[in-house]
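Here is the structure we will look at, set down as structure tokens.
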Amino acid sequence: MLMEDAIAMLQLHEVPGKAAKMRAYYKVERAYWGLTTLVLDDQARQWRQELSLANRLQLAAELWESNAHEGRICATKLLTQARIRPDDCAAWQLLQTWLADVDCAAICDHLCLAGHRRLGADLTRIDEMSKWPQSPHLWTRRAALAMTLPWAKMRDPNPANLAIRERALDCAAELAEDPSKIIQQGIAEWIYELSRKSPERAQAFLDAHGNKLRNAARKDASRKLPTPA
């Protein structure tokens, strides 16, 4: 599929006035097409069904390079699925390459939705991700938390998933003194979600590392935990 055709198909669904509102909201200088998330979901689903993996990877790469807000989100949605056959290594590498370009929370969140499925498909990828907390790039550090967040929400994780949870907690501990509000909020969300499934482990994390967190993050992380007597 030609990139021009793909963009034309997406822009057929532009909502009048939405692009200007998005530009004002996100405050990042790039193109906005004024599209809804539902349109991006539907179009990405159709392309995942119709295109070969090679063509899908190429289209995803070109949509990302467009630097348009919706183009980048649609690129991540092209790679958001549980199984990519016959091999998802190229998709995982593409996501890692894109991560260095991320500059806003919305795009980071969509990339992490795709990334957590790739991690789920190959849990050894946590070894690469364990280096992300040392990155000077804010959104790479945040991705170490956001991409592993589903493991905080698991009710009955098996031993392999428990190991991922612990590796993610190691990342959170490493980031506990990070001054960025975005990182502090990311840790608070992770520990809060963990407290809903494993309050003892969440409390143990806060006992060990809560003093490194900012007060607001520590309070948010512990709001489901019993108040100390």
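Chain identifiers are assigned as A, B, and so on, following the order in which chains appear in the structure tokens; residues are numbered from 1 within each chain, and ligands are numbered from 1 in order of appearance.
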For this session: Considering only C-alpha atoms, return as JSON, numbers by chain whatever protein or nucleic-acid residues lie within 10 Å of region 110-124 of chain A, sequence-local ones (same chain, fewer than 6 positions apart) excluded.
Result: {"A": [72, 73, 74, 75, 76, 77, 78, 79, 80, 81, 82, 83, 84, 88, 89, 91, 92, 95, 96, 98, 99, 102, 142, 143, 144, 145, 146, 147, 148, 149, 150, 151, 160, 161, 163, 164]}
File dump, residues just selected, N, CA, C and O atoms, as a short mmCIF file (atom, residue, chain, number, x, y, z; two decimals), in the first residue's frame:
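Output saved as selection_13.cif:
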```cif
data_model
loop_
_atom_site.label_atom_id
_atom_site.label_comp_id
_atom_site.auth_asym_id
_atom_site.auth_seq_id
_atom_site.Cartn_x
_atom_site.Cartn_y
_atom_site.Cartn_z
N ARG A 72 1.47 8.44 13.95
CA ARG A 72 2.30 7.67 14.88
C ARG A 72 1.47 6.72 15.73
O ARG A 72 1.89 5.58 15.98
N ILE A 73 0.30 7.16 16.14
CA ILE A 73 -0.56 6.27 16.92
C ILE A 73 -1.03 5.09 16.07
O ILE A 73 -1.02 3.93 16.51
N CYS A 74 -1.41 5.36 14.82
CA CYS A 74 -1.85 4.28 13.94
C CYS A 74 -0.70 3.31 13.67
O CYS A 74 -0.92 2.09 13.58
N ALA A 75 0.52 3.82 13.58
CA ALA A 75 1.68 2.94 13.39
C ALA A 75 1.79 1.94 14.53
O ALA A 75 2.03 0.75 14.31
N THR A 76 1.62 2.41 15.76
CA THR A 76 1.71 1.49 16.90
C THR A 76 0.57 0.48 16.88
O THR A 76 0.74 -0.69 17.23
N LYS A 77 -0.63 0.92 16.46
CA LYS A 77 -1.77 0.02 16.42
C LYS A 77 -1.60 -1.09 15.38
O LYS A 77 -2.15 -2.18 15.54
N LEU A 78 -0.83 -0.82 14.34
CA LEU A 78 -0.56 -1.86 13.36
C LEU A 78 0.25 -3.01 13.95
O LEU A 78 0.27 -4.12 13.41
N LEU A 79 0.92 -2.75 15.09
CA LEU A 79 1.75 -3.77 15.74
C LEU A 79 1.16 -4.23 17.06
O LEU A 79 1.82 -4.92 17.83
N THR A 80 -0.09 -3.83 17.34
CA THR A 80 -0.73 -4.18 18.61
C THR A 80 -1.61 -5.40 18.44
O THR A 80 -2.78 -5.30 18.05
N GLN A 81 -1.03 -6.56 18.69
CA GLN A 81 -1.78 -7.81 18.67
C GLN A 81 -0.98 -8.86 19.42
O GLN A 81 0.24 -8.75 19.57
N ALA A 82 -1.68 -9.87 19.90
CA ALA A 82 -1.02 -10.86 20.75
C ALA A 82 0.04 -11.65 20.00
O ALA A 82 1.15 -11.86 20.50
N ARG A 83 -0.28 -12.07 18.77
CA ARG A 83 0.65 -12.89 18.00
C ARG A 83 0.90 -12.25 16.64
O ARG A 83 -0.03 -11.85 15.96
N ILE A 84 2.16 -12.15 16.29
CA ILE A 84 2.55 -11.68 14.96
C ILE A 84 3.32 -12.82 14.31
O ILE A 84 4.41 -13.19 14.77
N ASP A 88 7.93 -12.03 15.29
CA ASP A 88 7.67 -10.64 15.68
C ASP A 88 8.93 -9.86 16.02
O ASP A 88 8.85 -8.75 16.55
N CYS A 89 10.10 -10.40 15.71
CA CYS A 89 11.35 -9.72 16.08
C CYS A 89 11.47 -8.36 15.40
O CYS A 89 11.90 -7.38 16.03
N ALA A 91 9.05 -6.41 14.46
CA ALA A 91 8.10 -5.51 15.10
C ALA A 91 8.65 -4.99 16.42
O ALA A 91 8.54 -3.80 16.73
N TRP A 92 9.24 -5.88 17.21
CA TRP A 92 9.84 -5.46 18.48
C TRP A 92 10.98 -4.48 18.26
O TRP A 92 11.09 -3.46 18.97
N LEU A 95 9.53 -1.03 17.37
CA LEU A 95 9.01 -0.34 18.54
C LEU A 95 10.13 0.28 19.37
O LEU A 95 10.02 1.41 19.85
N GLN A 96 11.22 -0.45 19.54
CA GLN A 96 12.35 0.09 20.29
C GLN A 96 12.98 1.29 19.59
O GLN A 96 13.39 2.26 20.23
N TRP A 98 11.41 3.38 17.63
CA TRP A 98 10.49 4.50 17.78
C TRP A 98 10.56 5.13 19.15
O TRP A 98 10.33 6.33 19.30
N LEU A 99 10.83 4.33 20.15
CA LEU A 99 10.79 4.82 21.53
C LEU A 99 11.65 6.06 21.72
O LEU A 99 11.26 6.99 22.44
N VAL A 102 9.73 9.33 20.95
CA VAL A 102 8.50 9.67 21.67
C VAL A 102 8.67 10.98 22.44
O VAL A 102 9.69 11.20 23.10
N ARG A 142 9.87 6.14 31.27
CA ARG A 142 8.45 5.92 31.57
C ARG A 142 7.96 4.60 30.96
O ARG A 142 7.15 3.89 31.56
N ALA A 143 8.47 4.25 29.78
CA ALA A 143 8.04 3.02 29.12
C ALA A 143 8.39 1.78 29.93
O ALA A 143 7.69 0.77 29.86
N ALA A 144 9.47 1.84 30.71
CA ALA A 144 9.82 0.70 31.56
C ALA A 144 8.71 0.41 32.56
O ALA A 144 8.50 -0.75 32.96
N LEU A 145 7.95 1.43 32.94
CA LEU A 145 6.82 1.27 33.85
C LEU A 145 5.54 0.96 33.09
O LEU A 145 4.82 0.01 33.41
N ALA A 146 5.25 1.74 32.05
CA ALA A 146 3.98 1.60 31.34
C ALA A 146 3.88 0.28 30.58
O ALA A 146 2.80 -0.32 30.51
N MET A 147 4.98 -0.18 30.02
CA MET A 147 4.94 -1.40 29.21
C MET A 147 4.79 -2.65 30.07
O MET A 147 4.34 -3.69 29.60
N THR A 148 5.18 -2.55 31.33
CA THR A 148 5.06 -3.69 32.25
C THR A 148 3.85 -3.59 33.16
O THR A 148 3.59 -4.50 33.96
N LEU A 149 3.05 -2.52 33.05
CA LEU A 149 1.93 -2.31 33.95
C LEU A 149 0.94 -3.47 33.96
O LEU A 149 0.38 -3.79 35.03
N PRO A 150 0.66 -4.15 32.84
CA PRO A 150 -0.28 -5.28 32.90
C PRO A 150 0.14 -6.36 33.89
O PRO A 150 -0.72 -7.08 34.42
N TRP A 151 1.43 -6.48 34.18
CA TRP A 151 1.89 -7.50 35.14
C TRP A 151 1.55 -7.10 36.57
O TRP A 151 1.45 -7.96 37.44
N ALA A 160 6.56 -17.47 35.76
CA ALA A 160 7.23 -16.65 34.74
C ALA A 160 6.74 -15.21 34.81
O ALA A 160 7.54 -14.26 34.71
N ASN A 161 5.44 -15.03 35.00
CA ASN A 161 4.91 -13.67 35.10
C ASN A 161 5.26 -13.00 36.43
O ASN A 161 5.45 -11.79 36.48
N ALA A 163 8.09 -13.41 37.81
CA ALA A 163 9.46 -12.96 37.57
C ALA A 163 9.48 -11.63 36.83
O ALA A 163 10.29 -10.75 37.14
N ILE A 164 8.58 -11.46 35.86
CA ILE A 164 8.47 -10.18 35.16
C ILE A 164 8.05 -9.08 36.13
O ILE A 164 8.58 -7.97 36.11
#
```
Exercise. Within 7 Å of Arg30 (chain A), counting only C-alpha atoms, which residues qualify if same-chain residues fewer than 2 places away don't, as a PyMOL selection string?
Worked result: chain A and resi 28+32+67-69
Based on the selection just made, write all heavy atoms of those residues as a PDB file, in the first residue's frame.
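In the end it all went to again_31.pdb:
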```pdb
ATOM      1  N   VAL A  28       2.471  19.998  21.248  1.00  0.00           N
ATOM      2  CA  VAL A  28       3.649  19.492  20.548  1.00  0.00           C
ATOM      3  C   VAL A  28       3.495  19.894  19.083  1.00  0.00           C
ATOM      4  O   VAL A  28       2.440  19.657  18.485  1.00  0.00           O
ATOM      5  CB  VAL A  28       3.788  17.966  20.671  1.00  0.00           C
ATOM      6  CG1 VAL A  28       4.988  17.463  19.871  1.00  0.00           C
ATOM      7  CG2 VAL A  28       3.915  17.563  22.138  1.00  0.00           C
ATOM      8  N   TYR A  32      -1.604  17.373  12.896  1.00  0.00           N
ATOM      9  CA  TYR A  32      -2.741  16.685  13.511  1.00  0.00           C
ATOM     10  C   TYR A  32      -3.824  16.559  12.439  1.00  0.00           C
ATOM     11  O   TYR A  32      -4.111  17.519  11.728  1.00  0.00           O
ATOM     12  CB  TYR A  32      -3.264  17.467  14.718  1.00  0.00           C
ATOM     13  CG  TYR A  32      -2.276  17.553  15.850  1.00  0.00           C
ATOM     14  CD1 TYR A  32      -1.314  18.570  15.884  1.00  0.00           C
ATOM     15  CD2 TYR A  32      -2.262  16.615  16.876  1.00  0.00           C
ATOM     16  CE1 TYR A  32      -0.385  18.645  16.910  1.00  0.00           C
ATOM     17  CE2 TYR A  32      -1.339  16.685  17.905  1.00  0.00           C
ATOM     18  CZ  TYR A  32      -0.394  17.702  17.916  1.00  0.00           C
ATOM     19  OH  TYR A  32       0.532  17.770  18.928  1.00  0.00           O
ATOM     20  N   ASN A  67       5.446  11.761  11.286  1.00  0.00           N
ATOM     21  CA  ASN A  67       5.479  12.618  12.467  1.00  0.00           C
ATOM     22  C   ASN A  67       4.124  13.245  12.764  1.00  0.00           C
ATOM     23  O   ASN A  67       4.017  14.148  13.584  1.00  0.00           O
ATOM     24  CB  ASN A  67       6.554  13.710  12.363  1.00  0.00           C
ATOM     25  CG  ASN A  67       6.856  14.347  13.706  1.00  0.00           C
ATOM     26  OD1 ASN A  67       6.731  13.706  14.749  1.00  0.00           O
ATOM     27  ND2 ASN A  67       7.229  15.617  13.711  1.00  0.00           N
ATOM     28  N   ALA A  68       3.069  12.802  12.096  1.00  0.00           N
ATOM     29  CA  ALA A  68       1.722  13.249  12.443  1.00  0.00           C
ATOM     30  C   ALA A  68       1.272  12.513  13.705  1.00  0.00           C
ATOM     31  O   ALA A  68       1.598  11.346  13.899  1.00  0.00           O
ATOM     32  CB  ALA A  68       0.757  12.974  11.297  1.00  0.00           C
ATOM     33  N   HIS A  69       0.524  13.195  14.537  1.00  0.00           N
ATOM     34  CA  HIS A  69       0.081  12.591  15.802  1.00  0.00           C
ATOM     35  C   HIS A  69      -0.673  11.284  15.552  1.00  0.00           C
ATOM     36  O   HIS A  69      -0.308  10.222  16.080  1.00  0.00           O
ATOM     37  CB  HIS A  69      -0.809  13.589  16.545  1.00  0.00           C
ATOM     38  CG  HIS A  69      -1.301  13.106  17.868  1.00  0.00           C
ATOM     39  ND1 HIS A  69      -0.554  13.221  19.018  1.00  0.00           N
ATOM     40  CD2 HIS A  69      -2.461  12.495  18.229  1.00  0.00           C
ATOM     41  CE1 HIS A  69      -1.230  12.704  20.036  1.00  0.00           C
ATOM     42  NE2 HIS A  69      -2.391  12.267  19.579  1.00  0.00           N
TER      43      HIS A  69
END
```
For this session: Taking the chain letters and numbering used in this document, name the residues of region 59-97 of chain A that DSSP puts in helix (DSSP H, G or I), as a list in words.
Result: Leu59, Ala60, Ala61, Glu62, Leu63, Trp64, Glu65, His69, Glu70, Gly71, Arg72, Ile73, Cys74, Ala75, Thr76, Lys77, Cys89, Ala90, Ala91, Trp92, Gln93, Leu94, Leu95, Gln96 and Thr97 of chain A
For this session: Do a neighbour search on Asp156 (chain A) at 10 Å with only C-alpha atoms, toss out local chain neighbours closer than 6 positions, and write the hits as a ChimeraX atom specification.
Result: /A:162,197-198
Using only C-alpha atoms, find each residue of region 147-199 of chain A with at least one atom at most 10 Å away from an atom of region 206-221 of chain A; report its shortest atom-to-atom pair and that distance in Å (one decimal), sort the rows by chain and rising residue number, and return the result as CSV.
```
residue,atom,partner,partner_atom,distance
A:Ala172,CA,A:His209,CA,9.1
A:Ala173,CA,A:His209,CA,6.4
A:Glu174,CA,A:His209,CA,9.3
A:Leu175,CA,A:Leu213,CA,9.0
A:Ala176,CA,A:Leu213,CA,5.4
A:Glu177,CA,A:Lys212,CA,5.3
A:Asp178,CA,A:Leu213,CA,8.2
A:Pro179,CA,A:Arg214,CA,8.3
A:Ser180,CA,A:Arg214,CA,10.0
A:Lys181,CA,A:Ala217,CA,8.7
A:Ile183,CA,A:Ala217,CA,9.4
A:Gln184,CA,A:Ala217,CA,5.7
A:Gln185,CA,A:Ala217,CA,6.0
A:Gly186,CA,A:Ala217,CA,8.7
A:Ile187,CA,A:Ala217,CA,7.4
A:Ala188,CA,A:Ala221,CA,4.2
A:Glu189,CA,A:Ala221,CA,6.3
A:Trp190,CA,A:Ala221,CA,7.6
A:Ile191,CA,A:Ala221,CA,5.2
A:Tyr192,CA,A:Ala221,CA,4.4
A:Glu193,CA,A:Ala221,CA,8.2
A:Leu194,CA,A:Ala221,CA,9.0
A:Ser195,CA,A:Ala221,CA,8.0
```
Output N, CA, C and O atoms for every residue in the selection just made, as a short mmCIF file (atom, residue, chain, number, x, y, z; two decimals), in the first residue's frame.
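Saved file result_21.cif follows:
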```cif
data_model
loop_
_atom_site.label_atom_id
_atom_site.label_comp_id
_atom_site.auth_asym_id
_atom_site.auth_seq_id
_atom_site.Cartn_x
_atom_site.Cartn_y
_atom_site.Cartn_z
N ALA A 172 11.16 0.07 38.93
CA ALA A 172 10.49 1.11 39.72
C ALA A 172 11.36 1.57 40.87
O ALA A 172 11.44 2.77 41.18
N ALA A 173 12.05 0.64 41.53
CA ALA A 173 12.94 1.00 42.62
C ALA A 173 14.08 1.87 42.13
O ALA A 173 14.48 2.85 42.78
N GLU A 174 14.61 1.53 40.95
CA GLU A 174 15.71 2.31 40.38
C GLU A 174 15.27 3.73 40.04
O GLU A 174 16.07 4.67 40.09
N LEU A 175 13.98 3.88 39.71
CA LEU A 175 13.45 5.18 39.29
C LEU A 175 12.84 5.97 40.44
O LEU A 175 12.39 7.10 40.25
N ALA A 176 12.82 5.41 41.64
CA ALA A 176 12.10 6.03 42.76
C ALA A 176 12.57 7.44 43.08
O ALA A 176 11.77 8.28 43.51
N GLU A 177 13.84 7.73 42.85
CA GLU A 177 14.36 9.06 43.14
C GLU A 177 14.38 9.97 41.91
O GLU A 177 14.87 11.08 41.98
N ASP A 178 13.81 9.49 40.81
CA ASP A 178 13.74 10.31 39.60
C ASP A 178 12.89 11.54 39.89
O ASP A 178 11.77 11.43 40.38
N PRO A 179 13.38 12.75 39.60
CA PRO A 179 12.63 13.96 39.96
C PRO A 179 11.44 14.25 39.06
O PRO A 179 10.60 15.09 39.40
N SER A 180 11.33 13.59 37.92
CA SER A 180 10.27 13.89 36.97
C SER A 180 8.90 13.52 37.54
O SER A 180 8.69 12.41 38.04
N LYS A 181 7.95 14.43 37.43
CA LYS A 181 6.59 14.17 37.88
C LYS A 181 5.98 13.02 37.09
O LYS A 181 5.21 12.21 37.63
N ILE A 183 7.51 10.39 35.88
CA ILE A 183 8.02 9.12 36.41
C ILE A 183 7.41 8.82 37.77
O ILE A 183 7.02 7.67 38.06
N GLN A 184 7.31 9.82 38.62
CA GLN A 184 6.70 9.63 39.93
C GLN A 184 5.26 9.14 39.81
O GLN A 184 4.83 8.23 40.52
N GLN A 185 4.52 9.73 38.87
CA GLN A 185 3.14 9.28 38.64
C GLN A 185 3.10 7.85 38.11
O GLN A 185 2.21 7.08 38.46
N GLY A 186 4.07 7.53 37.25
CA GLY A 186 4.14 6.17 36.70
C GLY A 186 4.38 5.13 37.77
O GLY A 186 3.77 4.05 37.77
N ILE A 187 5.27 5.43 38.70
CA ILE A 187 5.53 4.50 39.81
C ILE A 187 4.30 4.38 40.70
O ILE A 187 3.91 3.28 41.10
N ALA A 188 3.67 5.52 41.00
CA ALA A 188 2.48 5.50 41.85
C ALA A 188 1.38 4.65 41.24
O ALA A 188 0.73 3.85 41.93
N GLU A 189 1.17 4.79 39.93
CA GLU A 189 0.15 3.98 39.26
C GLU A 189 0.50 2.49 39.32
O GLU A 189 -0.37 1.65 39.57
N TRP A 190 1.77 2.17 39.12
CA TRP A 190 2.20 0.77 39.12
C TRP A 190 1.95 0.13 40.48
O TRP A 190 1.37 -0.95 40.59
N ILE A 191 2.36 0.83 41.55
CA ILE A 191 2.23 0.26 42.89
C ILE A 191 0.76 0.24 43.32
O ILE A 191 0.30 -0.70 44.00
N TYR A 192 0.00 1.25 42.91
CA TYR A 192 -1.43 1.24 43.22
C TYR A 192 -2.12 0.03 42.59
O TYR A 192 -2.89 -0.67 43.25
N GLU A 193 -1.84 -0.21 41.29
CA GLU A 193 -2.46 -1.37 40.63
C GLU A 193 -2.01 -2.67 41.28
O GLU A 193 -2.79 -3.60 41.44
N LEU A 194 -0.74 -2.75 41.67
CA LEU A 194 -0.25 -3.94 42.36
C LEU A 194 -0.96 -4.13 43.70
O LEU A 194 -1.27 -5.26 44.09
N SER A 195 -1.24 -3.03 44.39
CA SER A 195 -1.88 -3.13 45.71
C SER A 195 -3.29 -3.72 45.63
O SER A 195 -3.79 -4.27 46.60
#
```
Problem set entry | Gap from CA of Ala19 (chain A) to CA of Trp33 (chain A) - Å, one decimal | 5.5 Å
Exercise. Pick from A:Ser52, A:Ala60, A:Met154, A:Leu10: nearest to Leu38 (chain A), with only C-alpha atoms counted?
Worked result: A:Leu10
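For the choices A:Ser130, A:Pro157, A:Glu200, A:Leu35, the atom-to-atom distance to Lys21 (chain A) is smallest for A:Leu35 when using only C-alpha atoms.
The smallest atom-to-atom distance between Thr227 (chain A) and any of A:Ser135, A:Thr36, A:Thr97, A:Gln203, using only C-alpha atoms, is found for A:Gln203.
Note that CA of Leu59 (chain A) and CA of Trp139 (chain A) are 23.6 Å apart.
From CA of Met129 (chain A) back to CA of Arg155 (chain A), the distance works out to 23.0 Å.
Nearest residue to Glu70 (chain A) among A:Leu57, A:Cys171, A:Ala106, A:Gln49 is A:Ala106, counting only C-alpha atoms.
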